[in-house]
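A.B. asks: So I've got this file, final_12.txt, and it contains compact mmCIF, C-alpha atoms:
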# COMPACT_ATOMS: atom_id res chain seq x y z
CA MET A 1190 93.52 49.66 94.40
CA ALA A 1191 89.99 50.99 94.83
CA LEU A 1192 88.08 50.19 98.01
CA ILE A 1193 84.79 51.30 96.43
CA THR A 1194 83.97 51.97 92.79
CA LEU A 1195 80.72 53.43 91.47
CA LEU A 1196 80.20 52.79 87.76
CA ASP A 1197 77.48 54.80 85.97
CA VAL A 1198 75.22 54.58 89.02
CA THR A 1199 71.65 55.87 88.91
CA ILE A 1200 69.43 55.72 92.00
CA ALA A 1201 65.75 56.62 91.96
CA PHE A 1202 62.99 56.78 94.55
CA GLU A 1203 59.45 56.14 93.32
CA GLY A 1204 60.71 56.63 89.79
CA VAL A 1205 62.34 60.01 90.47
CA PRO A 1206 66.16 59.99 90.06
CA ALA A 1207 68.13 61.17 93.08
CA VAL A 1208 71.48 60.74 91.33
CA GLU A 1209 72.17 59.85 87.72
CA HIS A 1210 75.17 58.37 85.86
CA VAL A 1211 77.58 58.80 88.77
CA SER A 1212 81.05 57.31 88.47
CA TYR A 1213 83.99 57.66 90.89
CA GLN A 1214 86.22 55.55 93.11
CA VAL A 1215 87.67 55.74 96.61
CA ASN A 1216 91.20 54.37 96.86
CA ARG A 1217 93.06 53.17 99.90
CA GLY A 1218 94.52 56.19 101.69
CA ASP A 1219 92.14 58.71 100.11
CA TYR A 1220 90.63 61.60 102.03
CA MET A 1221 87.69 62.69 99.88
CA VAL A 1222 85.35 65.59 100.59
CA LEU A 1223 81.87 65.24 99.09
CA ILE A 1224 80.12 68.58 98.58
CA GLY A 1225 76.95 69.88 96.96
CA GLU A 1226 73.76 71.79 97.65
CA ASN A 1227 70.98 70.35 99.81
CA GLY A 1228 69.10 67.75 97.78
CA SER A 1229 72.00 67.21 95.39
CA GLY A 1230 72.31 63.51 96.26
CA LYS A 1231 75.20 63.44 98.77
CA SER A 1232 73.35 61.38 101.38
CA THR A 1233 72.03 59.05 98.69
CA LEU A 1234 75.59 58.31 97.57
CA MET A 1235 76.63 57.69 101.17
CA ARG A 1236 73.80 55.19 101.56
CA ALA A 1237 74.75 53.54 98.28
CA MET A 1238 78.34 53.07 99.44
CA LEU A 1239 77.01 51.52 102.65
CA GLY A 1240 74.77 49.20 100.67
CA LEU A 1241 71.60 50.67 102.19
CA VAL A 1242 70.15 51.65 98.82
CA HIS A 1243 70.65 49.88 95.53
CA PRO A 1244 71.11 51.37 92.06
CA CYS A 1245 68.42 50.97 89.45
CA ALA A 1246 71.29 51.16 86.95
CA GLY A 1247 75.04 50.88 87.25
CA THR A 1248 77.18 49.08 89.83
CA VAL A 1249 78.70 49.64 93.27
CA ARG A 1250 81.80 47.46 93.69
CA TYR A 1251 83.90 46.73 96.77
CA GLY A 1252 87.58 45.88 96.30
CA ASP A 1253 91.00 45.49 97.92
CA GLY A 1254 89.56 43.06 100.47
CA LEU A 1255 86.85 45.44 101.72
CA LYS A 1256 83.42 44.00 102.50
CA ARG A 1257 80.23 46.00 102.79
CA ASN A 1258 79.94 45.37 106.55
CA GLN A 1259 83.50 46.61 107.12
CA ILE A 1260 82.75 50.29 106.55
CA GLY A 1261 82.65 52.66 109.51
CA TYR A 1262 79.85 55.23 109.40
CA LEU A 1263 79.34 58.39 111.43
CA PRO A 1264 75.89 59.80 110.55
CA GLN A 1265 74.46 63.18 111.41
CA GLN A 1266 73.06 63.16 114.92
CA THR A 1267 69.45 63.92 115.80
CA ALA A 1268 68.34 65.47 119.08
CA VAL A 1269 67.01 62.06 120.18
CA GLN A 1270 70.35 60.38 119.49
CA ARG A 1271 72.24 63.01 121.49
CA ASP A 1272 70.08 62.10 124.48
CA PHE A 1273 70.65 58.34 124.12
CA PRO A 1274 70.62 56.69 127.61
CA ALA A 1275 73.69 54.44 127.41
CA SER A 1276 77.26 54.45 128.67
CA VAL A 1277 80.13 55.47 126.42
CA GLU A 1278 81.43 51.90 126.42
CA GLU A 1279 78.03 50.55 125.34
CA VAL A 1280 77.81 53.03 122.47
CA VAL A 1281 81.33 52.22 121.23
CA LEU A 1282 80.78 48.46 121.57
CA SER A 1283 77.70 48.70 119.37
CA GLY A 1284 80.07 49.37 116.48
CA CYS A 1285 81.16 45.72 116.76
CA ILE A 1286 77.66 44.34 116.18
CA ASN A 1287 78.47 43.01 112.70
CA GLN A 1288 81.24 40.91 114.24
CA LEU A 1289 79.05 39.09 116.77
CA GLY A 1290 78.10 36.31 114.38
CA SER A 1291 75.79 33.88 116.16
CA ARG A 1292 76.73 35.16 119.61
CA PHE A 1293 74.45 37.26 121.78
CA PHE A 1294 77.11 39.08 123.79
CA TYR A 1295 80.36 40.94 123.20
CA GLY A 1296 83.33 38.71 124.04
CA LYS A 1297 86.67 39.76 125.46
CA ASN A 1298 88.22 40.34 122.05
CA LEU A 1299 85.50 42.79 121.00
CA GLN A 1300 85.59 44.52 124.38
CA ARG A 1301 89.36 44.87 124.02
CA LYS A 1302 88.89 46.28 120.53
CA ALA A 1303 86.39 48.86 121.76
CA HIS A 1304 88.76 50.00 124.50
CA GLU A 1305 91.62 50.25 122.00
CA LYS A 1306 89.52 52.60 119.86
CA MET A 1307 88.52 54.64 122.90
CA ALA A 1308 92.17 54.92 123.94
CA LEU A 1309 93.13 55.98 120.39
CA LEU A 1310 90.63 58.84 120.58
CA ASP A 1311 91.49 59.69 124.22
CA ILE A 1312 88.04 58.88 125.63
CA GLU A 1313 88.77 55.67 127.55
CA LYS A 1314 88.50 57.61 130.80
CA LEU A 1315 84.88 58.36 129.84
CA SER A 1316 83.90 54.71 129.30
CA ASP A 1317 81.55 54.55 132.30
CA LYS A 1318 80.03 57.99 131.70
CA SER A 1319 76.52 58.43 130.35
CA TYR A 1320 76.67 59.37 126.67
CA ARG A 1321 73.85 61.89 127.08
CA THR A 1322 75.90 63.94 129.61
CA LEU A 1323 78.85 64.52 127.29
CA SER A 1324 79.66 67.65 125.35
CA GLY A 1325 79.08 67.72 121.60
CA GLY A 1326 82.78 67.25 120.89
CA GLN A 1327 83.02 64.30 123.27
CA GLN A 1328 79.95 62.68 121.73
CA GLN A 1329 81.49 62.92 118.26
CA ARG A 1330 84.66 61.26 119.54
CA VAL A 1331 82.53 58.45 120.95
CA LEU A 1332 80.71 58.01 117.63
CA LEU A 1333 84.02 58.09 115.76
CA ALA A 1334 85.36 55.34 118.05
CA ARG A 1335 82.17 53.39 117.39
CA ALA A 1336 82.68 53.73 113.63
CA LEU A 1337 86.30 52.58 113.96
CA CYS A 1338 85.14 49.37 115.65
CA ALA A 1339 83.66 48.39 112.29
CA THR A 1340 86.70 49.13 110.15
CA ASP A 1341 90.42 49.67 109.75
CA ALA A 1342 89.95 50.67 106.12
CA LEU A 1343 87.18 53.19 105.37
CA LEU A 1344 85.19 55.80 107.28
CA LEU A 1345 82.13 57.58 105.88
CA LEU A 1346 81.44 60.79 107.81
CA ASP A 1347 78.25 62.80 107.29
CA GLU A 1348 78.69 66.44 108.41
CA PRO A 1349 80.79 65.40 111.45
CA VAL A 1350 81.45 68.93 112.78
CA THR A 1351 77.89 70.28 112.54
CA GLY A 1352 76.94 72.02 115.79
CA LEU A 1353 80.44 71.88 117.30
CA ASP A 1354 82.24 74.93 118.69
CA PRO A 1355 85.43 76.03 116.88
CA GLY A 1356 87.76 74.33 119.35
CA SER A 1357 85.95 70.98 119.16
CA THR A 1358 85.76 71.31 115.37
CA GLN A 1359 89.53 71.67 115.05
CA GLU A 1360 90.12 68.78 117.47
CA LEU A 1361 87.85 66.50 115.46
CA TYR A 1362 89.50 67.48 112.17
CA GLY A 1363 92.85 66.72 113.81
CA LEU A 1364 91.71 63.25 114.84
CA ILE A 1365 90.40 62.49 111.35
CA ARG A 1366 93.70 63.70 109.85
CA GLN A 1367 95.60 61.44 112.25
CA LEU A 1368 93.47 58.41 111.36
CA ASN A 1369 94.03 59.04 107.66
CA ARG A 1370 97.71 59.87 107.65
CA GLU A 1371 99.07 57.79 110.53
CA HIS A 1372 96.71 54.82 110.55
CA GLY A 1373 95.91 54.54 106.84
CA VAL A 1374 92.14 54.87 107.19
CA SER A 1375 90.49 56.17 104.04
CA VAL A 1376 87.90 58.90 104.60
CA VAL A 1377 84.87 60.14 102.69
CA MET A 1378 83.34 63.20 104.34
CA VAL A 1379 80.14 65.05 103.44
CA SER A 1380 80.63 68.66 104.45
CA HIS A 1381 79.44 72.22 103.99
CA ASP A 1382 82.57 73.51 105.75
CA LEU A 1383 84.70 73.82 102.62
CA HIS A 1384 87.64 75.60 104.23
CA GLY A 1385 87.98 73.27 107.20
CA SER A 1386 87.21 69.99 105.46
CA MET A 1387 89.54 70.58 102.52
CA ALA A 1388 92.56 71.47 104.63
CA ASP A 1389 93.59 67.81 104.90
CA ALA A 1390 91.76 66.22 101.95
CA ASN A 1391 93.34 65.06 98.71
CA LYS A 1392 90.17 64.70 96.61
CA VAL A 1393 86.92 66.58 96.04
CA LEU A 1394 83.68 65.20 94.65
CA VAL A 1395 81.07 67.83 93.72
CA VAL A 1396 77.56 66.40 93.36
CA ASP A 1397 74.54 67.94 91.67
CA ARG A 1398 72.47 64.79 91.01
CA GLY A 1399 75.43 63.85 88.86
CA VAL A 1400 79.15 64.46 89.23
CA SER A 1401 80.02 68.09 88.53
CA PHE A 1402 83.66 67.60 89.47
CA CYS A 1403 85.91 64.80 90.74
CA GLY A 1404 89.60 65.37 91.18
CA SER A 1405 92.40 66.67 93.35
CA ILE A 1406 92.13 69.59 95.75
CA GLU A 1407 94.61 71.56 93.63
CA GLU A 1408 92.62 71.01 90.43
CA TYR A 1409 89.36 71.93 92.17
CA ARG A 1410 90.79 75.18 93.49
CA ARG A 1411 92.24 76.07 90.10
CA GLN A 1412 88.98 75.39 88.28
CA ARG A 1413 87.02 77.27 90.92
CA MET A 1414 89.23 80.31 90.44
CA GLU A 1415 88.60 80.05 86.72
CA GLY A 1416 84.85 79.79 87.33
CA MET A 1417 84.60 76.27 85.93
CA VAL A 1418 83.09 74.76 89.13
CA GLU A 1419 81.07 76.19 92.00
Would you mind giving the structure from this file in structure tokens?

C.D. replies:
Amino acid sequence: MALITLLDVTIAFEGVPAVEHVSYQVNRGDYMVLIGENGSGKSTLMRAMLGLVHPCAGTVRYGDGLKRNQIGYLPQQTAVQRDFPASVEEVVLSGCINQLGSRFFYGKNLQRKAHEKMALLDIEKLSDKSYRTLSGGQQQRVLLARALCATDALLLLDEPVTGLDPGSTQELYGLIRQLNREHGVSVVMVSHDLHGSMADANKVLVVDRGVSFCGSIEEYRRQRMEGMVE
């Protein structure tokens, strides 16, 4: 069953369409790579799936028990964010903010959850470290743990390996593969690293303000060889 379905979605800013007539769905267990040129609408679709922007036409639907606030999101980092003055534990815990309800502090259950996610990504030993002192690869693990605090179902990842060295890139891809295959977390990843990102994916969505292609990795590669898609 689909976790998210976009039906004939058009999104415009100040009357100018960013994406038009987009339809696709993300099913439980999917690992989808979302590709396209700069300005093609990839980030707009990410924001639509998160409920941060709303279509002027069409519908975004959540299904299979998924709620909008139960999606984990790993955005692209800015230089300011990389220098954020907080401990690793504080950053990971912030992923539980939607579960606080009327409380003003993180209870034992949420703290336990944060440490479980840190242990899963092998960063629990860094919990007291300052986030700003970590390497790029370690910071991405921290942000991935933070995103997992929000969800057991769906992760949206925006260029997660940008700026990482080859070793850290492969480690992060390995963690994402493990989360998808062993823990059943569905993944949608925006990427320009076609070779690396497609190694573990099962679906490709090519965006150029609309959907140029949506299908399996095998079908994408075949059509690309035949010159039918970029």

A.B. asks: Which residue is closest to A:Ala1388? Choose from A:Arg1413, A:Thr1267, A:Met1221, A:Leu1353 and count all atoms listed in the file.

C.D. replies: A:Met1221

A.B. asks: Between A:Ile1260, A:Val1277, A:Ile1224, A:Leu1315, which one has atoms that come closest to A:Ala1336, using all atoms listed in the file?

C.D. replies: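 So, comparing all the options, the nearest one is A:Ile1260.
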
A.B. asks: My list of candidates is A:Asn1216, A:Ser1386, A:Asn1227, A:Gln1265. Which is closest to A:Gly1252 when distances are computed with all atoms listed in the file?

C.D. replies: A:Asn1216

A.B. asks: Which residue out of A:Ala1308, A:Ala1303, A:Leu1241, A:Ile1200 has the minimum interatomic distance to A:Leu1337 when only C-alpha atoms are used?

C.D. replies: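 Closest candidate: A:Ala1303.
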
A.B. asks: Using only C-alpha atoms, which protein or nucleic acid residues come within 8 Å of A:Pro1244? Drop anything in the same chain fewer than 2 positions from it, and give the result as a ChimeraX atom specification.

C.D. replies: /A:1198-1201,1237,1242,1246-1249

A.B. asks: Measuring between only C-alpha atoms, which one of A:Glu1278, A:Glu1360, A:Leu1346, A:Cys1285 shows the shortest distance to A:Tyr1320?

C.D. replies: A:Glu1278

A.B. asks: Edge lengths and centre, in Å to one decimal, as lines of an AutoDock Vina configuration file: that's what I need for the box along x, y and z that holds all listed atoms of stretch 1223-1238 of chain A plus 6 Å on each side.

C.D. replies:
center_x = 75.5
center_y = 62.4
center_z = 98.5
size_x = 24.8
size_y = 30.7
size_z = 18.2

A.B. asks: Rank A:Thr1194, A:Ser1375, A:Gln1214, A:Thr1233 by their smallest atom-to-atom distance to A:Thr1340, using all atoms listed in the file, and report the top residue only.

C.D. replies: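 Comparing A:Thr1194, A:Ser1375, A:Gln1214, A:Thr1233 against A:Thr1340, the winner is A:Ser1375.
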
A.B. asks: Which polymer residues have any atom within 10 Å of an atom of stretch 1281-1283 of chain A, counting all atoms listed in the file, with same-chain residues fewer than 5 positions away left out, as a list in words?

C.D. replies: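 Once the nearby chain positions are removed, what remains is Ser1276, Gln1288, Tyr1295, Leu1299, Gln1300, Arg1301, Lys1302, Ala1303, His1304, Lys1306, Met1307, Ser1316, Arg1330, Val1331, Leu1332, Leu1333, Ala1334, Arg1335, Ala1336, Leu1337, Cys1338 and Ala1339 of chain A.
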
A.B. asks: Those same residues, written as a PDB file, keeping the file's coordinate frame with C-alpha atoms?

C.D. replies:
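Generated file (selection17.pdb):
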ATOM      1  CA  SER A1276      77.260  54.450 128.670  1.00  0.00           C
ATOM      2  CA  GLN A1288      81.240  40.910 114.240  1.00  0.00           C
ATOM      3  CA  TYR A1295      80.360  40.940 123.200  1.00  0.00           C
ATOM      4  CA  LEU A1299      85.500  42.790 121.000  1.00  0.00           C
ATOM      5  CA  GLN A1300      85.590  44.520 124.380  1.00  0.00           C
ATOM      6  CA  ARG A1301      89.360  44.870 124.020  1.00  0.00           C
ATOM      7  CA  LYS A1302      88.890  46.280 120.530  1.00  0.00           C
ATOM      8  CA  ALA A1303      86.390  48.860 121.760  1.00  0.00           C
ATOM      9  CA  HIS A1304      88.760  50.000 124.500  1.00  0.00           C
ATOM     10  CA  LYS A1306      89.520  52.600 119.860  1.00  0.00           C
ATOM     11  CA  MET A1307      88.520  54.640 122.900  1.00  0.00           C
ATOM     12  CA  SER A1316      83.900  54.710 129.300  1.00  0.00           C
ATOM     13  CA  ARG A1330      84.660  61.260 119.540  1.00  0.00           C
ATOM     14  CA  VAL A1331      82.530  58.450 120.950  1.00  0.00           C
ATOM     15  CA  LEU A1332      80.710  58.010 117.630  1.00  0.00           C
ATOM     16  CA  LEU A1333      84.020  58.090 115.760  1.00  0.00           C
ATOM     17  CA  ALA A1334      85.360  55.340 118.050  1.00  0.00           C
ATOM     18  CA  ARG A1335      82.170  53.390 117.390  1.00  0.00           C
ATOM     19  CA  ALA A1336      82.680  53.730 113.630  1.00  0.00           C
ATOM     20  CA  LEU A1337      86.300  52.580 113.960  1.00  0.00           C
ATOM     21  CA  CYS A1338      85.140  49.370 115.650  1.00  0.00           C
ATOM     22  CA  ALA A1339      83.660  48.390 112.290  1.00  0.00           C
TER      23      ALA A1339
END

A.B. asks: Could you give me, as a list in words, the residues within 10 Å of A:Ala1207, counting only C-alpha atoms and dropping anything in the same chain fewer than 5 positions from it?

C.D. replies: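 What passes the distance filter is Thr1199, Ile1200, Ala1201, Phe1202, Gly1228, Ser1229, Gly1230, Lys1231, Ser1232, Thr1233, Leu1234, Asp1397, Arg1398 and Gly1399 of chain A.
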
A.B. asks: Can you measure atom CA of A:Leu1383 to atom CA of A:Leu1364 for me? One decimal in Å is fine.

C.D. replies: 17.6 Å

A.B. asks: Which protein, DNA or RNA residues are at most 7 Å from (74.0, 60.6, 126.9) in the file's coordinates when you count all atoms listed in the file, listed as a ChimeraX atom specification?

C.D. replies: /A:1271-1275,1319-1323

A.B. asks: What is the distance, in Å and to one decimal place, between atom CA of A:Ile1193 and atom CA of A:Ala1342?

C.D. replies: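 Interatomic distance here is 11.0 Å.
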